[in-house]
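Colleague: Sharing input-v2.cif here; it has mmCIF, C-alpha atoms; chains and numbers go by the auth columns.
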data_protein
loop_
_atom_site.group_PDB
_atom_site.id
_atom_site.type_symbol
_atom_site.label_atom_id
_atom_site.label_comp_id
_atom_site.label_asym_id
_atom_site.label_seq_id
_atom_site.Cartn_x
_atom_site.Cartn_y
_atom_site.Cartn_z
_atom_site.B_iso_or_equiv
_atom_site.auth_seq_id
_atom_site.auth_asym_id
ATOM 1 C CA MET A 1 -5.235 -12.238 -21.328 0.00 120 A
ATOM 2 C CA SER A 2 -2.872 -9.300 -21.057 0.00 121 A
ATOM 3 C CA ILE A 3 -0.543 -8.544 -18.185 0.00 122 A
ATOM 4 C CA VAL A 4 1.303 -5.213 -18.007 0.00 123 A
ATOM 5 C CA ARG A 5 4.224 -4.832 -15.600 0.00 124 A
ATOM 6 C CA LYS A 6 5.569 -1.393 -14.661 0.00 125 A
ATOM 7 C CA GLN A 7 8.611 -0.230 -12.721 0.00 126 A
ATOM 8 C CA SER A 8 10.150 -3.690 -12.918 0.00 127 A
ATOM 9 C CA THR A 9 13.484 -4.745 -11.456 0.00 128 A
ATOM 10 C CA ASP A 10 15.294 -8.086 -11.500 0.00 129 A
ATOM 11 C CA ARG A 11 13.204 -9.170 -8.513 0.00 130 A
ATOM 12 C CA MET A 12 9.745 -7.605 -8.889 0.00 131 A
ATOM 13 C CA SER A 13 7.393 -5.094 -10.482 0.00 132 A
ATOM 14 C CA LYS A 14 5.920 -2.242 -8.453 0.00 133 A
ATOM 15 C CA ILE A 15 2.745 -2.364 -10.564 0.00 134 A
ATOM 16 C CA VAL A 16 1.072 -5.309 -12.314 0.00 135 A
ATOM 17 C CA ILE A 17 -2.123 -4.717 -14.288 0.00 136 A
ATOM 18 C CA ASN A 18 -4.166 -7.770 -15.279 0.00 137 A
ATOM 19 C CA ASN A 19 -6.535 -7.513 -18.286 0.00 138 A
ATOM 20 C CA ASN A 20 -6.850 -3.738 -17.793 0.00 139 A
ATOM 21 C CA SER A 21 -9.060 -4.678 -14.858 0.00 140 A
ATOM 22 C CA ASN A 22 -7.141 -5.330 -11.632 0.00 141 A
ATOM 23 C CA ILE A 23 -4.019 -3.581 -10.351 0.00 142 A
ATOM 24 C CA TYR A 24 -1.605 -5.237 -7.956 0.00 143 A
ATOM 25 C CA LEU A 25 0.958 -3.087 -6.154 0.00 144 A
ATOM 26 C CA SER A 26 4.055 -4.409 -4.458 0.00 145 A
ATOM 27 C CA GLY A 27 4.407 -3.704 -0.761 0.00 146 A
ATOM 28 C CA GLN A 28 5.186 -0.054 -0.104 0.00 147 A
ATOM 29 C CA VAL A 29 7.406 1.163 2.706 0.00 148 A
ATOM 30 C CA ALA A 30 8.360 4.688 3.724 0.00 149 A
ATOM 31 C CA ASP A 31 11.179 6.486 1.939 0.00 150 A
ATOM 32 C CA ASP A 32 12.458 7.728 5.315 0.00 151 A
ATOM 33 C CA VAL A 33 12.418 4.901 7.847 0.00 152 A
ATOM 34 C CA THR A 34 13.974 7.020 10.603 0.00 153 A
ATOM 35 C CA VAL A 35 10.593 8.612 11.413 0.00 154 A
ATOM 36 C CA GLY A 36 7.670 7.289 13.473 0.00 155 A
ATOM 37 C CA ILE A 37 4.729 5.095 12.515 0.00 156 A
ATOM 38 C CA GLN A 38 2.434 7.949 11.451 0.00 157 A
ATOM 39 C CA GLU A 39 5.025 9.522 9.188 0.00 158 A
ATOM 40 C CA GLN A 40 5.935 6.126 7.712 0.00 159 A
ATOM 41 C CA THR A 41 2.261 5.327 7.117 0.00 160 A
ATOM 42 C CA THR A 42 1.731 8.696 5.398 0.00 161 A
ATOM 43 C CA SER A 43 4.745 8.047 3.173 0.00 162 A
ATOM 44 C CA CYS A 44 3.436 4.588 2.209 0.00 163 A
ATOM 45 C CA LEU A 45 0.006 5.982 1.348 0.00 164 A
ATOM 46 C CA ASN A 46 1.512 8.805 -0.726 0.00 165 A
ATOM 47 C CA LYS A 47 3.491 6.232 -2.704 0.00 166 A
ATOM 48 C CA ILE A 48 0.337 4.147 -3.180 0.00 167 A
ATOM 49 C CA ASP A 49 -1.521 7.228 -4.461 0.00 168 A
ATOM 50 C CA ALA A 50 1.242 7.848 -7.033 0.00 169 A
ATOM 51 C CA LEU A 51 1.436 4.226 -8.176 0.00 170 A
ATOM 52 C CA LEU A 52 -2.335 3.947 -8.530 0.00 171 A
ATOM 53 C CA ALA A 53 -2.409 7.149 -10.594 0.00 172 A
ATOM 54 C CA GLU A 54 0.298 5.740 -12.872 0.00 173 A
ATOM 55 C CA ALA A 55 -1.759 2.547 -13.241 0.00 174 A
ATOM 56 C CA GLY A 56 -4.974 4.435 -14.078 0.00 175 A
ATOM 57 C CA SER A 57 -6.762 4.280 -10.749 0.00 176 A
ATOM 58 C CA ASP A 58 -7.016 5.891 -7.323 0.00 177 A
ATOM 59 C CA LYS A 59 -7.549 5.021 -3.672 0.00 178 A
ATOM 60 C CA ASN A 60 -11.334 4.940 -4.080 0.00 179 A
ATOM 61 C CA HIS A 61 -10.908 1.882 -6.324 0.00 180 A
ATOM 62 C CA ILE A 62 -8.865 -0.189 -3.846 0.00 181 A
ATOM 63 C CA LEU A 63 -10.406 -3.617 -3.447 0.00 182 A
ATOM 64 C CA SER A 64 -8.139 -5.162 -0.839 0.00 183 A
ATOM 65 C CA THR A 65 -5.300 -4.068 1.435 0.00 184 A
ATOM 66 C CA THR A 66 -2.832 -5.981 3.563 0.00 185 A
ATOM 67 C CA ILE A 67 -0.971 -3.961 6.180 0.00 186 A
ATOM 68 C CA PHE A 68 2.121 -5.409 7.817 0.00 187 A
ATOM 69 C CA ILE A 69 2.992 -3.647 11.051 0.00 188 A
ATOM 70 C CA LYS A 70 6.142 -4.239 13.046 0.00 189 A
ATOM 71 C CA ASP A 71 4.555 -3.811 16.477 0.00 190 A
ATOM 72 C CA MET A 72 0.855 -3.808 17.328 0.00 191 A
ATOM 73 C CA LYS A 73 1.515 -1.092 19.912 0.00 192 A
ATOM 74 C CA ASP A 74 1.527 1.214 16.846 0.00 193 A
ATOM 75 C CA PHE A 75 -1.823 -0.076 15.528 0.00 194 A
ATOM 76 C CA ALA A 76 -3.969 2.831 16.791 0.00 195 A
ATOM 77 C CA ALA A 77 -1.494 5.489 15.602 0.00 196 A
ATOM 78 C CA MET A 78 -1.270 3.871 12.155 0.00 197 A
ATOM 79 C CA ASN A 79 -5.079 3.674 11.971 0.00 198 A
ATOM 80 C CA GLU A 80 -5.390 7.428 12.642 0.00 199 A
ATOM 81 C CA ILE A 81 -3.544 8.075 9.377 0.00 200 A
ATOM 82 C CA TRP A 82 -5.310 5.266 7.499 0.00 201 A
ATOM 83 C CA ASP A 83 -8.782 6.399 8.619 0.00 202 A
ATOM 84 C CA ALA A 84 -8.121 9.981 7.482 0.00 203 A
ATOM 85 C CA TRP A 85 -6.880 8.721 4.080 0.00 204 A
ATOM 86 C CA VAL A 86 -9.694 6.317 3.173 0.00 205 A
ATOM 87 C CA ALA A 87 -12.975 7.996 2.241 0.00 206 A
ATOM 88 C CA ASP A 88 -16.248 6.992 3.899 0.00 207 A
ATOM 89 C CA GLY A 89 -18.074 4.514 1.693 0.00 208 A
ATOM 90 C CA GLU A 90 -14.820 3.550 -0.076 0.00 209 A
ATOM 91 C CA LYS A 91 -13.267 1.262 2.545 0.00 210 A
ATOM 92 C CA PRO A 92 -11.546 -1.795 1.009 0.00 211 A
ATOM 93 C CA ALA A 93 -11.351 -5.292 2.438 0.00 212 A
ATOM 94 C CA ARG A 94 -8.386 -5.170 4.820 0.00 213 A
ATOM 95 C CA ALA A 95 -6.101 -7.351 6.876 0.00 214 A
ATOM 96 C CA CYS A 96 -3.471 -6.110 9.314 0.00 215 A
ATOM 97 C CA VAL A 97 -0.853 -8.413 10.756 0.00 216 A
ATOM 98 C CA GLN A 98 2.201 -8.014 12.948 0.00 217 A
ATOM 99 C CA ALA A 99 5.279 -9.069 10.999 0.00 218 A
ATOM 100 C CA LEU A 100 9.042 -9.167 11.024 0.00 219 A
ATOM 101 C CA MET A 101 10.225 -6.570 8.535 0.00 220 A
ATOM 102 C CA ALA A 102 12.952 -6.788 5.907 0.00 221 A
ATOM 103 C CA ARG A 103 14.869 -4.076 7.771 0.00 222 A
ATOM 104 C CA GLU A 104 14.720 -3.253 11.477 0.00 223 A
ATOM 105 C CA GLU A 105 13.776 0.416 10.853 0.00 224 A
ATOM 106 C CA ILE A 106 10.653 -0.358 8.792 0.00 225 A
ATOM 107 C CA LEU A 107 7.533 0.011 10.944 0.00 226 A
ATOM 108 C CA VAL A 108 4.827 -0.570 8.300 0.00 227 A
ATOM 109 C CA GLU A 109 4.423 -2.010 4.806 0.00 228 A
ATOM 110 C CA ILE A 110 1.212 -1.783 2.784 0.00 229 A
ATOM 111 C CA CYS A 111 0.107 -3.898 -0.205 0.00 230 A
ATOM 112 C CA VAL A 112 -2.996 -3.130 -2.269 0.00 231 A
ATOM 113 C CA THR A 113 -5.094 -4.613 -5.032 0.00 232 A
ATOM 114 C CA ALA A 114 -7.282 -2.130 -6.897 0.00 233 A
ATOM 115 C CA ALA A 115 -9.610 -1.932 -9.867 0.00 234 A
ATOM 116 C CA VAL A 116 -8.767 0.166 -12.906 0.00 235 A
ATOM 117 C CA LYS A 117 -11.002 3.273 -13.089 0.00 236 A
#
Please go through the file and, once you have read it, give me the structure as structure tokens.
Modeller:
Amino acid sequence: MSIVRKQSTDRMSKIVINNNSNIYLSGQVADDVTVGIQEQTTSCLNKIDALLAEAGSDKNHILSTTIFIKDMKDFAAMNEIWDAWVADGEKPARACVQALMAREEILVEICVTAAVK
């Protein structure tokens, strides 16, 4: 078994690749948390695109996604961005839950598990 960890800090790794098969990404939040839910969602998805590329994959290989949203009133607006990002026929398993965030300004956090291409 081989486990590769990338972009590691004292607390976590942004990318973990198991047996050159599955990729686990840490939860991604927007770089600018002063903007609204759609902008924060777009920022999260852009970061996920970049991390998956670094790990040797892409969004069409996402197996599972967990979306943490601060307030379900933003669910439809977040989904507009999500639906435009995920290709037809490539939809992963997904859960979306309302959650308390690490910082008050964070409106959404997205975690993904993907397959290596």
Colleague: Hey, what comes out of the PyMOL selection byres ((chain A and resi 192-207) around 7) on this file? Could you write it as a PDB file with C-alpha atoms, in the coordinates of the input?
Modeller:
ATOM      1  CA  ILE A 156       4.729   5.095  12.515  1.00  0.00           C
ATOM      2  CA  GLN A 157       2.434   7.949  11.451  1.00  0.00           C
ATOM      3  CA  THR A 160       2.261   5.327   7.117  1.00  0.00           C
ATOM      4  CA  THR A 161       1.731   8.696   5.398  1.00  0.00           C
ATOM      5  CA  ASP A 190       4.555  -3.811  16.477  1.00  0.00           C
ATOM      6  CA  MET A 191       0.855  -3.808  17.328  1.00  0.00           C
ATOM      7  CA  GLY A 208     -18.074   4.514   1.693  1.00  0.00           C
ATOM      8  CA  GLU A 209     -14.820   3.550  -0.076  1.00  0.00           C
ATOM      9  CA  LYS A 210     -13.267   1.262   2.545  1.00  0.00           C
TER      10      LYS A 210
END
Colleague: Point out the residue among A:Cys215, A:Val148, A:Ile181, A:Leu170 with the least atom-to-atom distance to Lys133 in chain A, counting all atoms listed in the file.
Modeller: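 Of the candidates, the smallest distance to Lys133 in chain A is held by A:Leu170.
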Colleague: As AutoDock Vina command-line options, please report the centre and edge lengths, rounded to one decimal in Å, of the axis-aligned box that holds all listed atoms of range 179-195 of chain A with 8 Å of padding on each of the six sides.
Modeller:
--center_x -2.6 --center_y -0.5 --center_z 6.8 --size_x 33.5 --size_y 26.9 --size_z 42.2
Colleague: Can you give me, as a ChimeraX atom specification, the residues this file yields under the PyMOL selection byres ((chain A and resi 141) around 9)?
Modeller: /A:135-140,142-143,182,232-235
Colleague: If you measure from CA of Ala172 in chain A to CA of Val216 in chain A, what distance in Å do you get, rounded to one decimal?
Modeller: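 Interatomic distance here is 26.5 Å.
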Colleague: Enumerate, as a VMD selection string, the residues matched when the PyMOL selection byres ((chain A and resi 185) around 6) is run on the file above.
Modeller: chain A and resid 184 186 213 to 215 229 to 230
Colleague: Would you save the residues of that selection, restricted to C-alpha atoms, as a PDB file, keeping the file's coordinate frame?
Modeller:
ATOM      1  CA  THR A 184      -5.300  -4.068   1.435  1.00  0.00           C
ATOM      2  CA  ILE A 186      -0.971  -3.961   6.180  1.00  0.00           C
ATOM      3  CA  ARG A 213      -8.386  -5.170   4.820  1.00  0.00           C
ATOM      4  CA  ALA A 214      -6.101  -7.351   6.876  1.00  0.00           C
ATOM      5  CA  CYS A 215      -3.471  -6.110   9.314  1.00  0.00           C
ATOM      6  CA  ILE A 229       1.212  -1.783   2.784  1.00  0.00           C
ATOM      7  CA  CYS A 230       0.107  -3.898  -0.205  1.00  0.00           C
TER       8      CYS A 230
END
Colleague: CA of Glu223 in chain A and CA of Arg124 in chain A, how far apart in Å?
Modeller: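 The value is 29.1 Å.
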Colleague: Have a look at A:Asn165, A:Ser145, A:Asn179, A:Ser127 and name the one nearest to Lys236 in chain A; count only C-alpha atoms.
Modeller: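 For Lys236 in chain A, the nearest of the given residues is A:Asn179.
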Colleague: Skipping near chain neighbours, those fewer than 2 positions away, what residues fall within 9 Å of Gln159 in chain A using all atoms listed in the file, listed as a list in words?
Modeller: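 My list of contacting residues is Val148, Ala149, Asp150, Asp151, Val152, Thr153, Val154, Gly155, Ile156, Gln157, Thr161, Ser162, Cys163, Leu164, Met197, Ile225, Leu226, Val227 and Glu228 of chain A.
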Colleague: Give me the residues within 10 Å of Glu173 in chain A as a PDB file with C-alpha atoms, in the frame of the given file, counting all atoms listed in the file and dropping any in the same chain fewer than 5 places off.
Modeller:
ATOM      1  CA  LYS A 125       5.569  -1.393 -14.661  1.00  0.00           C
ATOM      2  CA  ILE A 134       2.745  -2.364 -10.564  1.00  0.00           C
ATOM      3  CA  ILE A 167       0.337   4.147  -3.180  1.00  0.00           C
ATOM      4  CA  ASP A 168      -1.521   7.228  -4.461  1.00  0.00           C
TER       5      ASP A 168
END
Colleague: Between CA of Val123 in chain A and CA of Ala218 in chain A, what is the distance in Å, rounded to a tenth?
Modeller: 29.5 Å
